[in-house]
Amino acid sequence: MNPIPVEAIQKAVGDSRLQAAIYSSTGRLMEKRAHSIEPEEIDDFQGLRTQANALKKHAIDNLDYYLEQLEQNVIARGGKVIWCRDADEAVQFVLNLSKEKGVKRIVKSKSMTTEEIDLNEHLEHEKIDVVETDLGEYILQLAHEKPYHIVAPALHKTRYDVADLFTETLHVAREEEPEKQTQIARRVLREKFLTAELGITGANFLIADSGAIVLVENEGNARLSSSAPRIQIAMAGIEKVIPRAQDLATFLKVLGRSATGQPLTVYTSFLSGPRRSGEIDGPEEFYLVLLDNGRTRLLADENKRQSLYCIRCGACLNHCPVYRKIGGHNYPWVYSGPIGAIISPQFHGVTKDPWLPFASSLCGACAEVCPVKIDIPKVLLELRADITLAKRREGAGKWERFAFKVFSYVMQRPKLYEMGSAMAAAVFPGSQGKWVRSLPGLLQGPPIKGWLSKRDLPPPAERSFRALWRERQRSKGAA
Amino acid sequence: MATARDEILGRIRTSLGRTGATGTPGGLPPVRLHIPEVPLEPRIQRFRAALEKLNGKVFRANSRDDARAYVESLLNGRPAVTSNAPFLNECGIGTIANVRAGGADREALRGMCATLDAGISSADYALSDTGSLVMIASHDEARLVSLLPPLHIALVPLDRLLTGLDELYTLLPVPSDRSSSMVFITGPSRTADIEQILVRGVHGPGEIHVVLV
């Protein structure tokens with residue numbers, strides 16, 4: 001059981017530069033999204049969300065069928081499908097293939113799934129030169145950090161941080177303009193693209209009826225990773241499968257808008273198998289890695305299964321008041337924000353980071369913006385219940401349950417309640433909102449201690465509402 | 001020992017409360033494709049507006065000669081590589097000075113794309129709604145021509161201008177039947193990874209010109 005990382009969170013909240021960076025970036029993404037879904041920009045956006053949700057529900061409820069169909073179609077187009085139960089199997093596959101094919105350099109385009117299995121660390125350990133090619137991911141690789149955001153991985157870095165980093169690690173003249181910095185990265189990475197033997201990509205969607213993967217991006221690095229090297233590996237979670245290519249007409253319209261407010265991102269690649277005879281370029285070999293790594297466990301719960309609908313747009317992060325305060329690195333796993341708070345506990349078991357589903361105000365903004373309509377607050381509540389039950393099995397929470405029993409006993413007996421509040425008013429007149437905290441130590445035991453550390457109850461009124469009401473009724477009767 | 005494949009499929013079926021494989025599942029939501037009736041002129045205007053908003057350039061050529069003249073003045077002597085699209089030859093692009101044919105040799109083509117200033121292609125379709133080009137890899141169109149050079153010029157006959165995604169997916173319900181790669185290009189390559197500041201020309205072309213013929 002990992003405790004809540006209080007100190008790291010306080011540090012993030014107290015860092016005004018970091019707060020400004022998170023607020024302005026997520027704020028801009030929110031504005032762009034809001035503009036892009038206005039009725040004059042897109043017809044019936046809500047209808048598209050409903051359709052996207054229905055398609056995802058259908059695909060997940062029939063996951064076995066669509067995965068087998070996908071596999072058949074990938075093979076029919078000359079690709080190979082590798083099923084991996086866990087991170088270890090996926091890593092081993094990449095390592096073995098690299099060894100077998102004599103791969104010395106790998107270019108990677110942004111993929112949360114490969115972050116999930118710490119692929120880079122394993123490859124580097126085997127002395128393979130592996131390079132992240134998305135600009136944000138490249139910056140993070142140089143800084144040895146994990147993504148801060150699903151869509152904008154280096155959201156917390158300022159141009160000055162990047163200037164320091166590039167000068168230190170690439171030994172280039174210091175440039176503080178993002179445009180010049182981008183040109184530096186283009187130059188360094190271009191050479192990598194042209195010399196790498198293997199390209200690794202993720203997949204935004206897997207298309208069952210086409211045996212295809214879809215890559216959505218703005219920079220061109222996913223296109224290069226999948227076109228320049230001789231071998232391509234696409235790595236994706238099994239939940240990414242959708243039934244038909246035609247369903248992309250729905251998903252592409254909601255994905256770009258929800259993520260960055262773009263009707264379509266700059267590049268959308270629809271790729272199936274290696275290059276065919278007659279085609280001039282493209283990979284000679286194509287491998288699709290289908291990763292479980294905990295997803296089937298998540299599938300078992302009929303209500304929480306919807307967590308697998310996620311298309312990784314990042315909108316719930318941008319709109320989350322908690323994410324916007326504590327930032328991306330204080331979540332325990334690579335998936336941050338509201339979606340991270342519901343999938344991490346389900347992948348790793350609820351008792352690993354039991355504080356996580358409680359770190360939410362349940363304001364509902366995430367559910368409102370989710371393009372596939374995942375009811376995140378509801379799943380959070382269910383996870384809270386699971387955690388409480390798990391703790392109870394371990395014998396925790398006795399005092400809390402006792403306190404709530406007393407509370408419920410008193411609340412069901414109006415006379416008793418009235419007596420209690422009259423006593424409180426008599427004992428603590430004018431206590432200026434710190435009265436519970438001034439109670440004797442015994443009453444500040446474990447069940448209410450955490451609650452009291454940041455707040456208190458308002459002071460008891462001198463005369464209760466009930467007393468005022470009775471008086472009013474009496475004076476009415478008299479008149 | 002069960003293979004990973006069988007074990008994962010088994011776990012899925014157990015989680016979903018099934019015992020074995022099922023046939024084609026019922027309840028698949030119907031396809032949601034709606035093709036609006038948009039006459040050619042507004043379709044062109046929409047395409048232009050969408051692409052120009054992204055800092056792409058659109059030129060409407062009245063004839064193939066007109067298209068050739070535009071490309072020639074745009075290149076202004078800079079070296080360029082062309083795809084093998086027959087339409088480019090029909091426009092006489094290959095006769096412009098310093099324009100080289102990409103050909104069908106993978107390595108030679110790659111070398112040209114990596115070093116020359118511009119890549120010239122046609123496109124299989126264009127999407128008016130979003131200002132996108134649809135590039136389907138084939139002997140005519142290599143993947144790298146529209147990707148490696150800093151400037152991409154695409155010449156597209158007007159009859160390939162579709163309304164949008166819905167029309168495209170109606171025409172091509174299973175794009176992978178045709179090619180290993182179909183790519184939508186919507187404006188110049190860009191990033192906002194540093195402070196959400198927009199920068200064009202990251203890994204792909206920073207400049208894109210579409211000539212509607």
# chains A, B, ... in the order shown; residues from 1 in each chain; ligands from 1
$ residues_around --residues "Val410 (chain A)" --least-positions-apart "6" --cutoff "9 Å" --atoms "only C-alpha atoms" --output "number ranges by chain"
A: 416-417, 420
$ write_last_selection --atoms "N, CA and C atoms" --output "PDB file, in the first residue's frame"
ATOM      1  N   LEU A 416     -32.493  13.544  20.382  1.00  0.00           N
ATOM      2  CA  LEU A 416     -31.100  13.364  20.761  1.00  0.00           C
ATOM      3  C   LEU A 416     -30.217  14.369  20.018  1.00  0.00           C
ATOM      4  N   TYR A 417     -30.509  14.535  18.703  1.00  0.00           N
ATOM      5  CA  TYR A 417     -29.750  15.457  17.874  1.00  0.00           C
ATOM      6  C   TYR A 417     -29.870  16.867  18.429  1.00  0.00           C
ATOM      7  N   GLY A 420     -27.926  17.377  21.552  1.00  0.00           N
ATOM      8  CA  GLY A 420     -26.488  17.456  21.259  1.00  0.00           C
ATOM      9  C   GLY A 420     -26.112  18.824  20.711  1.00  0.00           C
TER      10      GLY A 420
END
$ residues_around --residues "Ile185 (chain B)" --least-positions-apart "3" --cutoff "12 Å" --atoms "only C-alpha atoms" --output "ChimeraX atom specification"
/A:216-220,223,264-270 /B:51,54,56,123-127,130-136,143,146-147,152-154,182,188-190,204-205,207-210
$ closest_atom_pairs --of "chain B" --to "chain A" --cutoff "7 Å" --atoms "only C-alpha atoms" --output "CSV"
residue,atom,partner,partner_atom,distance
B:Ala4,CA,A:Trp83,CA,5.8
B:Arg5,CA,A:Trp83,CA,5.2
B:Ile8,CA,A:Arg85,CA,6.6
B:Leu9,CA,A:Asp64,CA,5.8
B:Arg11,CA,A:Thr296,CA,6.1
B:Ile12,CA,A:Thr296,CA,5.6
B:Arg13,CA,A:Asp64,CA,6.8
B:Ser15,CA,A:Ala300,CA,4.1
B:Leu16,CA,A:Ala300,CA,6.2
B:Pro25,CA,A:Asn62,CA,6.9
B:Leu28,CA,A:His58,CA,6.3
B:Pro29,CA,A:Leu55,CA,6.4
B:Val31,CA,A:Asp247,CA,6.6
B:Ala104,CA,A:Ile280,CA,5.8
B:Asp105,CA,A:Ile280,CA,6.9
B:Arg106,CA,A:Ile280,CA,5.7
B:Thr130,CA,A:Pro263,CA,6.7
B:Ala137,CA,A:Glu279,CA,6.5
B:Ser138,CA,A:Glu279,CA,4.5
B:His139,CA,A:Glu279,CA,4.7
B:Ala142,CA,A:Ile280,CA,5.5
B:Arg143,CA,A:Asp281,CA,6.2
B:Leu165,CA,A:Ala249,CA,5.8
B:Asp166,CA,A:Ala249,CA,5.8
B:Tyr169,CA,A:Gln246,CA,5.5
B:Pro173,CA,A:Gln246,CA,5.9
B:Val174,CA,A:Ser210,CA,5.8
B:Ser176,CA,A:Ser210,CA,5.8
B:Ser180,CA,A:Ser272,CA,4.8
B:Ser181,CA,A:Leu271,CA,4.6
B:Met182,CA,A:Phe270,CA,5.1
B:Val183,CA,A:Ser269,CA,4.4
B:Phe184,CA,A:Thr268,CA,5.1
B:Ile185,CA,A:Tyr267,CA,5.0
B:Thr186,CA,A:Val266,CA,4.4
B:Gly187,CA,A:Val266,CA,5.8
B:Pro188,CA,A:Val266,CA,6.9
B:Ser189,CA,A:Glu219,CA,5.0
B:Arg190,CA,A:Glu219,CA,5.1
B:Thr191,CA,A:Glu219,CA,5.8
B:Asp193,CA,A:Gly136,CA,5.2
B:Ile194,CA,A:Arg159,CA,6.2
B:Glu195,CA,A:Thr158,CA,5.9
B:Gln196,CA,A:Ser25,CA,6.0
B:Val199,CA,A:Glu179,CA,5.7
B:Val202,CA,A:Glu219,CA,5.5
B:His203,CA,A:Gly220,CA,5.1
B:Gly204,CA,A:Gly220,CA,5.0
$ write_last_selection --atoms "N, CA and C atoms" --output "compact mmCIF listing (two decimals), in the first residue's frame"
# COMPACT_ATOMS: atom_id res chain seq x y z
N ALA B 4 0.15 -17.92 -25.46
CA ALA B 4 -0.32 -16.63 -24.96
C ALA B 4 -1.64 -16.26 -25.63
N ARG B 5 -1.71 -16.56 -26.92
CA ARG B 5 -2.92 -16.24 -27.68
C ARG B 5 -4.14 -16.92 -27.07
N ILE B 8 -4.97 -15.56 -23.58
CA ILE B 8 -5.61 -14.23 -23.57
C ILE B 8 -7.06 -14.35 -24.04
N LEU B 9 -7.28 -15.08 -25.12
CA LEU B 9 -8.66 -15.24 -25.61
C LEU B 9 -9.51 -15.97 -24.56
N ARG B 11 -9.03 -15.88 -21.26
CA ARG B 11 -9.31 -14.92 -20.18
C ARG B 11 -10.44 -13.97 -20.58
N ILE B 12 -10.40 -13.53 -21.84
CA ILE B 12 -11.45 -12.61 -22.30
C ILE B 12 -12.80 -13.29 -22.20
N ARG B 13 -12.87 -14.52 -22.68
CA ARG B 13 -14.16 -15.22 -22.67
C ARG B 13 -14.64 -15.47 -21.24
N SER B 15 -13.91 -13.62 -18.64
CA SER B 15 -14.33 -12.32 -18.10
C SER B 15 -15.68 -11.89 -18.64
N LEU B 16 -15.95 -12.26 -19.89
CA LEU B 16 -17.22 -11.87 -20.50
C LEU B 16 -18.32 -12.88 -20.19
N PRO B 25 -21.15 -11.48 -33.83
CA PRO B 25 -22.02 -10.96 -32.78
C PRO B 25 -23.12 -10.06 -33.33
N LEU B 28 -24.22 -4.92 -33.57
CA LEU B 28 -23.24 -3.94 -34.05
C LEU B 28 -23.99 -2.69 -34.51
N PRO B 29 -23.67 -1.52 -33.93
CA PRO B 29 -24.39 -0.31 -34.35
C PRO B 29 -24.21 -0.06 -35.85
N VAL B 31 -23.49 1.65 -39.42
CA VAL B 31 -22.49 2.64 -39.81
C VAL B 31 -23.14 4.02 -39.85
N ALA B 104 11.23 3.99 -59.42
CA ALA B 104 10.71 2.88 -58.63
C ALA B 104 11.79 2.22 -57.78
N ASP B 105 13.00 2.77 -57.79
CA ASP B 105 14.05 2.17 -56.97
C ASP B 105 14.02 2.78 -55.57
N ARG B 106 13.76 1.94 -54.60
CA ARG B 106 13.55 2.40 -53.23
C ARG B 106 14.71 3.26 -52.71
N THR B 130 -12.05 19.28 -44.39
CA THR B 130 -10.90 19.44 -43.50
C THR B 130 -9.66 19.95 -44.22
N ALA B 137 -0.58 4.59 -50.87
CA ALA B 137 0.73 4.16 -51.37
C ALA B 137 0.55 3.16 -52.51
N SER B 138 1.36 3.31 -53.55
CA SER B 138 1.27 2.44 -54.72
C SER B 138 2.55 2.63 -55.54
N HIS B 139 2.58 2.03 -56.71
CA HIS B 139 3.70 2.27 -57.61
C HIS B 139 3.73 3.73 -58.04
N ALA B 142 4.87 6.96 -53.87
CA ALA B 142 5.69 6.43 -52.78
C ALA B 142 5.36 7.19 -51.50
N ARG B 143 5.62 6.56 -50.38
CA ARG B 143 5.28 7.20 -49.10
C ARG B 143 6.15 8.42 -48.81
N LEU B 165 -14.69 12.89 -44.84
CA LEU B 165 -14.42 11.52 -44.40
C LEU B 165 -15.54 10.55 -44.75
N ASP B 166 -16.79 11.00 -44.58
CA ASP B 166 -17.92 10.08 -44.78
C ASP B 166 -17.99 9.61 -46.23
N TYR B 169 -15.02 7.10 -46.86
CA TYR B 169 -15.23 5.76 -46.33
C TYR B 169 -16.40 5.05 -47.01
N PRO B 173 -14.67 1.32 -48.37
CA PRO B 173 -15.06 0.77 -47.08
C PRO B 173 -13.93 0.01 -46.38
N VAL B 174 -13.07 -0.62 -47.15
CA VAL B 174 -11.92 -1.33 -46.57
C VAL B 174 -10.65 -0.87 -47.32
N SER B 176 -7.59 -1.04 -46.83
CA SER B 176 -6.43 -1.93 -46.89
C SER B 176 -6.56 -2.96 -48.00
N SER B 180 -1.07 -0.97 -48.62
CA SER B 180 -0.62 -1.16 -47.24
C SER B 180 -0.69 0.14 -46.46
N SER B 181 -0.89 1.25 -47.18
CA SER B 181 -0.84 2.53 -46.48
C SER B 181 -1.77 3.57 -47.11
N MET B 182 -2.64 4.12 -46.30
CA MET B 182 -3.42 5.28 -46.73
C MET B 182 -3.20 6.36 -45.67
N VAL B 183 -2.79 7.53 -46.12
CA VAL B 183 -2.49 8.61 -45.17
C VAL B 183 -3.30 9.85 -45.51
N PHE B 184 -3.90 10.47 -44.50
CA PHE B 184 -4.52 11.78 -44.70
C PHE B 184 -3.50 12.83 -44.29
N ILE B 185 -3.28 13.80 -45.16
CA ILE B 185 -2.39 14.91 -44.83
C ILE B 185 -3.23 16.17 -44.70
N THR B 186 -3.23 16.75 -43.51
CA THR B 186 -4.06 17.92 -43.27
C THR B 186 -3.17 19.08 -42.82
N GLY B 187 -2.60 19.76 -43.80
CA GLY B 187 -1.75 20.91 -43.50
C GLY B 187 -0.30 20.53 -43.28
N PRO B 188 0.54 21.55 -43.02
CA PRO B 188 1.96 21.29 -42.79
C PRO B 188 2.20 20.57 -41.47
N SER B 189 3.28 19.81 -41.41
CA SER B 189 3.70 19.16 -40.17
C SER B 189 3.83 20.19 -39.07
N ARG B 190 3.38 19.88 -37.88
CA ARG B 190 3.45 20.87 -36.81
C ARG B 190 3.57 20.24 -35.44
N THR B 191 3.95 21.07 -34.46
CA THR B 191 4.00 20.62 -33.08
C THR B 191 3.64 21.78 -32.18
N ASP B 193 4.57 21.08 -28.78
CA ASP B 193 5.06 20.36 -27.60
C ASP B 193 5.84 21.24 -26.63
N ILE B 194 6.36 22.36 -27.11
CA ILE B 194 7.04 23.27 -26.19
C ILE B 194 6.11 24.45 -25.89
N GLU B 195 5.63 24.49 -24.69
CA GLU B 195 4.76 25.58 -24.19
C GLU B 195 3.52 25.81 -25.04
N GLN B 196 3.05 24.80 -25.73
CA GLN B 196 1.86 24.94 -26.57
C GLN B 196 2.05 26.02 -27.65
N VAL B 199 4.73 25.39 -33.88
CA VAL B 199 5.89 25.42 -34.76
C VAL B 199 5.62 24.50 -35.94
N VAL B 202 8.10 20.02 -38.40
CA VAL B 202 8.88 19.25 -37.44
C VAL B 202 9.61 18.13 -38.17
N HIS B 203 8.89 17.05 -38.48
CA HIS B 203 9.53 15.96 -39.21
C HIS B 203 9.08 15.89 -40.66
N GLY B 204 7.89 16.33 -40.90
CA GLY B 204 7.36 16.36 -42.27
C GLY B 204 7.54 17.76 -42.85
$ closest_residue --among "A:Lys304, A:Lys146, A:Arg257, A:Arg312" --to "Ala34 (chain A)" --atoms "only C-alpha atoms"
A:Arg257
$ select_by_dssp --residues "region 220-261 of chain A" --states "alpha helix (DSSP H)" --output "list of chain:residue names"
A:Asn221, A:Ala222, A:Arg223, A:Leu224, A:Ser225, A:Ser226, A:Ser227, A:Leu248, A:Ala249, A:Thr250, A:Phe251, A:Leu252, A:Lys253, A:Val254, A:Leu255, A:Gly256, A:Arg257, A:Ser258, A:Ala259, A:Thr260
$ atom_distance --atom1 "CA of Ala69 (chain B)" --atom2 "CA of Glu141 (chain B)"
22.2 Å
$ closest_residue --among "B:Ile35, B:Leu168, B:Leu151, B:Val213" --to "Cys113 (chain B)" --atoms "only C-alpha atoms"
B:Leu151
$ closest_residue --among "B:Val211, B:Leu172, B:Ala61, B:Leu198" --to "Ser122 (chain B)" --atoms "only C-alpha atoms"
B:Val211
$ residues_around --residues "region 366-372 of chain A" --least-positions-apart "4" --cutoff "6 Å" --atoms "only C-alpha atoms" --output "compact mmCIF listing (two decimals) with C-alpha atoms, in the first residue's frame"
# COMPACT_ATOMS: atom_id res chain seq x y z
CA ARG A 49 -20.10 10.75 -28.92
CA ALA A 52 -18.50 6.27 -30.41
CA ASN A 53 -19.67 4.97 -27.05
CA VAL A 254 -14.22 13.08 -31.96
CA CYS A 316 -10.28 14.51 -18.98
CA ILE A 376 -15.45 8.22 -14.80
$ residues_around --residues "region 3-5 of chain A" --least-positions-apart "2" --cutoff "10 Å" --atoms "only C-alpha atoms" --output "list in words"
Met1, Glu7, Ala8, Ile9, Gln10, Asn330, Tyr331, Pro332, Lys352, Asp353, Pro354, Trp355, Leu356 and Ala359 of chain A
$ residues_around --residues "Asn62 (chain B)" --least-positions-apart "5" --cutoff "12 Å" --atoms "only C-alpha atoms" --output "list of chain:residue names"
B:Ala67, B:Arg68, B:Ala69, B:Tyr70, B:Cys91, B:Pro157, B:Leu158, B:Val211, B:Leu212, B:Val213
$ write_last_selection --atoms "C-alpha atoms" --output "PDB file, in the first residue's frame"
ATOM      1  CA  ALA B  67      -0.636  24.193 -63.066  1.00  0.00           C
ATOM      2  CA  ARG B  68       2.806  23.600 -64.560  1.00  0.00           C
ATOM      3  CA  ALA B  69       3.530  27.326 -64.678  1.00  0.00           C
ATOM      4  CA  TYR B  70       2.525  27.718 -61.025  1.00  0.00           C
ATOM      5  CA  CYS B  91       0.731  18.363 -66.573  1.00  0.00           C
ATOM      6  CA  PRO B 157      -7.678  16.958 -60.465  1.00  0.00           C
ATOM      7  CA  LEU B 158     -10.886  18.620 -59.289  1.00  0.00           C
ATOM      8  CA  VAL B 211      -2.848  22.814 -56.885  1.00  0.00           C
ATOM      9  CA  LEU B 212      -6.439  22.031 -57.828  1.00  0.00           C
ATOM     10  CA  VAL B 213      -6.562  21.417 -61.565  1.00  0.00           C
TER      11      VAL B 213
END
$ select_by_dssp --residues "region 71-171 of chain B" --states "strand (DSSP E)" --output "JSON, numbers by chain"
{"B": [80, 81, 82, 99, 100, 101, 118, 119, 120, 121, 125, 126, 127, 132, 133, 134, 135, 136, 151, 152, 153, 154, 155, 156, 161, 162]}
$ atom_distance --atom1 "CA of Lys32 (chain A)" --atom2 "CA of Ile150 (chain A)"
16.8 Å
$ decode --residues "region 8-41 of chain B" --atoms "N, CA and C atoms" --output "PDB file, in the first residue's frame"
ATOM      1  N   ILE B   8      -4.969 -15.555 -23.582  1.00  0.00           N
ATOM      2  CA  ILE B   8      -5.615 -14.235 -23.566  1.00  0.00           C
ATOM      3  C   ILE B   8      -7.064 -14.345 -24.039  1.00  0.00           C
ATOM      4  N   LEU B   9      -7.276 -15.081 -25.123  1.00  0.00           N
ATOM      5  CA  LEU B   9      -8.658 -15.243 -25.612  1.00  0.00           C
ATOM      6  C   LEU B   9      -9.506 -15.967 -24.555  1.00  0.00           C
ATOM      7  N   GLY B  10      -8.905 -16.934 -23.876  1.00  0.00           N
ATOM      8  CA  GLY B  10      -9.612 -17.654 -22.806  1.00  0.00           C
ATOM      9  C   GLY B  10      -9.989 -16.722 -21.669  1.00  0.00           C
ATOM     10  N   ARG B  11      -9.031 -15.875 -21.259  1.00  0.00           N
ATOM     11  CA  ARG B  11      -9.308 -14.919 -20.176  1.00  0.00           C
ATOM     12  C   ARG B  11     -10.437 -13.972 -20.577  1.00  0.00           C
ATOM     13  N   ILE B  12     -10.398 -13.532 -21.836  1.00  0.00           N
ATOM     14  CA  ILE B  12     -11.445 -12.611 -22.301  1.00  0.00           C
ATOM     15  C   ILE B  12     -12.798 -13.293 -22.201  1.00  0.00           C
ATOM     16  N   ARG B  13     -12.869 -14.522 -22.676  1.00  0.00           N
ATOM     17  CA  ARG B  13     -14.158 -15.225 -22.667  1.00  0.00           C
ATOM     18  C   ARG B  13     -14.639 -15.470 -21.243  1.00  0.00           C
ATOM     19  N   THR B  14     -13.722 -15.844 -20.353  1.00  0.00           N
ATOM     20  CA  THR B  14     -14.127 -16.035 -18.957  1.00  0.00           C
ATOM     21  C   THR B  14     -14.653 -14.718 -18.383  1.00  0.00           C
ATOM     22  N   SER B  15     -13.909 -13.622 -18.640  1.00  0.00           N
ATOM     23  CA  SER B  15     -14.326 -12.322 -18.104  1.00  0.00           C
ATOM     24  C   SER B  15     -15.680 -11.895 -18.642  1.00  0.00           C
ATOM     25  N   LEU B  16     -15.949 -12.261 -19.892  1.00  0.00           N
ATOM     26  CA  LEU B  16     -17.224 -11.866 -20.499  1.00  0.00           C
ATOM     27  C   LEU B  16     -18.323 -12.882 -20.193  1.00  0.00           C
ATOM     28  N   GLY B  17     -17.964 -13.929 -19.448  1.00  0.00           N
ATOM     29  CA  GLY B  17     -18.961 -14.920 -19.052  1.00  0.00           C
ATOM     30  C   GLY B  17     -19.348 -15.867 -20.169  1.00  0.00           C
ATOM     31  N   ARG B  18     -18.396 -16.185 -21.055  1.00  0.00           N
ATOM     32  CA  ARG B  18     -18.677 -17.123 -22.142  1.00  0.00           C
ATOM     33  C   ARG B  18     -17.806 -18.360 -21.996  1.00  0.00           C
ATOM     34  N   THR B  19     -18.219 -19.402 -22.681  1.00  0.00           N
ATOM     35  CA  THR B  19     -17.428 -20.613 -22.575  1.00  0.00           C
ATOM     36  C   THR B  19     -16.543 -20.830 -23.797  1.00  0.00           C
ATOM     37  N   GLY B  20     -16.981 -20.394 -24.964  1.00  0.00           N
ATOM     38  CA  GLY B  20     -16.157 -20.616 -26.160  1.00  0.00           C
ATOM     39  C   GLY B  20     -16.371 -19.513 -27.171  1.00  0.00           C
ATOM     40  N   ALA B  21     -15.800 -19.713 -28.354  1.00  0.00           N
ATOM     41  CA  ALA B  21     -15.932 -18.721 -29.414  1.00  0.00           C
ATOM     42  C   ALA B  21     -17.401 -18.613 -29.844  1.00  0.00           C
ATOM     43  N   THR B  22     -17.797 -17.421 -30.238  1.00  0.00           N
ATOM     44  CA  THR B  22     -19.155 -17.235 -30.748  1.00  0.00           C
ATOM     45  C   THR B  22     -19.073 -16.872 -32.227  1.00  0.00           C
ATOM     46  N   GLY B  23     -20.200 -16.929 -32.910  1.00  0.00           N
ATOM     47  CA  GLY B  23     -20.235 -16.483 -34.303  1.00  0.00           C
ATOM     48  C   GLY B  23     -20.283 -14.967 -34.356  1.00  0.00           C
ATOM     49  N   THR B  24     -20.578 -14.441 -35.529  1.00  0.00           N
ATOM     50  CA  THR B  24     -20.676 -12.985 -35.691  1.00  0.00           C
ATOM     51  C   THR B  24     -21.642 -12.405 -34.659  1.00  0.00           C
ATOM     52  N   PRO B  25     -21.148 -11.476 -33.832  1.00  0.00           N
ATOM     53  CA  PRO B  25     -22.020 -10.960 -32.785  1.00  0.00           C
ATOM     54  C   PRO B  25     -23.124 -10.059 -33.331  1.00  0.00           C
ATOM     55  N   GLY B  26     -24.277 -10.120 -32.690  1.00  0.00           N
ATOM     56  CA  GLY B  26     -25.364  -9.209 -33.061  1.00  0.00           C
ATOM     57  C   GLY B  26     -25.168  -7.875 -32.362  1.00  0.00           C
ATOM     58  N   GLY B  27     -25.994  -6.914 -32.743  1.00  0.00           N
ATOM     59  CA  GLY B  27     -25.990  -5.636 -32.026  1.00  0.00           C
ATOM     60  C   GLY B  27     -24.924  -4.647 -32.449  1.00  0.00           C
ATOM     61  N   LEU B  28     -24.220  -4.915 -33.565  1.00  0.00           N
ATOM     62  CA  LEU B  28     -23.239  -3.942 -34.049  1.00  0.00           C
ATOM     63  C   LEU B  28     -23.985  -2.689 -34.515  1.00  0.00           C
ATOM     64  N   PRO B  29     -23.670  -1.523 -33.931  1.00  0.00           N
ATOM     65  CA  PRO B  29     -24.389  -0.309 -34.346  1.00  0.00           C
ATOM     66  C   PRO B  29     -24.209  -0.057 -35.848  1.00  0.00           C
ATOM     67  N   PRO B  30     -25.272   0.374 -36.546  1.00  0.00           N
ATOM     68  CA  PRO B  30     -25.144   0.635 -37.976  1.00  0.00           C
ATOM     69  C   PRO B  30     -24.086   1.711 -38.241  1.00  0.00           C
ATOM     70  N   VAL B  31     -23.487   1.648 -39.417  1.00  0.00           N
ATOM     71  CA  VAL B  31     -22.487   2.640 -39.812  1.00  0.00           C
ATOM     72  C   VAL B  31     -23.135   4.016 -39.846  1.00  0.00           C
ATOM     73  N   ARG B  32     -22.387   5.029 -39.400  1.00  0.00           N
ATOM     74  CA  ARG B  32     -22.942   6.381 -39.374  1.00  0.00           C
ATOM     75  C   ARG B  32     -22.184   7.206 -40.416  1.00  0.00           C
ATOM     76  N   LEU B  33     -22.659   7.187 -41.640  1.00  0.00           N
ATOM     77  CA  LEU B  33     -22.027   7.946 -42.713  1.00  0.00           C
ATOM     78  C   LEU B  33     -23.087   8.820 -43.370  1.00  0.00           C
ATOM     79  N   HIS B  34     -22.797  10.102 -43.432  1.00  0.00           N
ATOM     80  CA  HIS B  34     -23.755  11.020 -44.040  1.00  0.00           C
ATOM     81  C   HIS B  34     -23.004  11.895 -45.053  1.00  0.00           C
ATOM     82  N   ILE B  35     -23.397  11.786 -46.306  1.00  0.00           N
ATOM     83  CA  ILE B  35     -22.711  12.565 -47.335  1.00  0.00           C
ATOM     84  C   ILE B  35     -23.586  13.746 -47.739  1.00  0.00           C
ATOM     85  N   PRO B  36     -23.162  14.961 -47.405  1.00  0.00           N
ATOM     86  CA  PRO B  36     -23.971  16.131 -47.765  1.00  0.00           C
ATOM     87  C   PRO B  36     -23.859  16.426 -49.272  1.00  0.00           C
ATOM     88  N   GLU B  37     -24.902  17.021 -49.826  1.00  0.00           N
ATOM     89  CA  GLU B  37     -24.856  17.466 -51.234  1.00  0.00           C
ATOM     90  C   GLU B  37     -24.187  18.830 -51.263  1.00  0.00           C
ATOM     91  N   VAL B  38     -22.962  18.881 -51.757  1.00  0.00           N
ATOM     92  CA  VAL B  38     -22.291  20.182 -51.865  1.00  0.00           C
ATOM     93  C   VAL B  38     -21.795  20.358 -53.293  1.00  0.00           C
ATOM     94  N   PRO B  39     -22.276  21.380 -54.000  1.00  0.00           N
ATOM     95  CA  PRO B  39     -21.809  21.618 -55.373  1.00  0.00           C
ATOM     96  C   PRO B  39     -20.314  21.930 -55.393  1.00  0.00           C
ATOM     97  N   LEU B  40     -19.722  21.807 -56.574  1.00  0.00           N
ATOM     98  CA  LEU B  40     -18.262  21.916 -56.704  1.00  0.00           C
ATOM     99  C   LEU B  40     -17.687  23.221 -56.156  1.00  0.00           C
ATOM    100  N   GLU B  41     -18.303  24.351 -56.542  1.00  0.00           N
ATOM    101  CA  GLU B  41     -17.711  25.635 -56.147  1.00  0.00           C
ATOM    102  C   GLU B  41     -17.575  25.788 -54.631  1.00  0.00           C
TER     103      GLU B  41
END
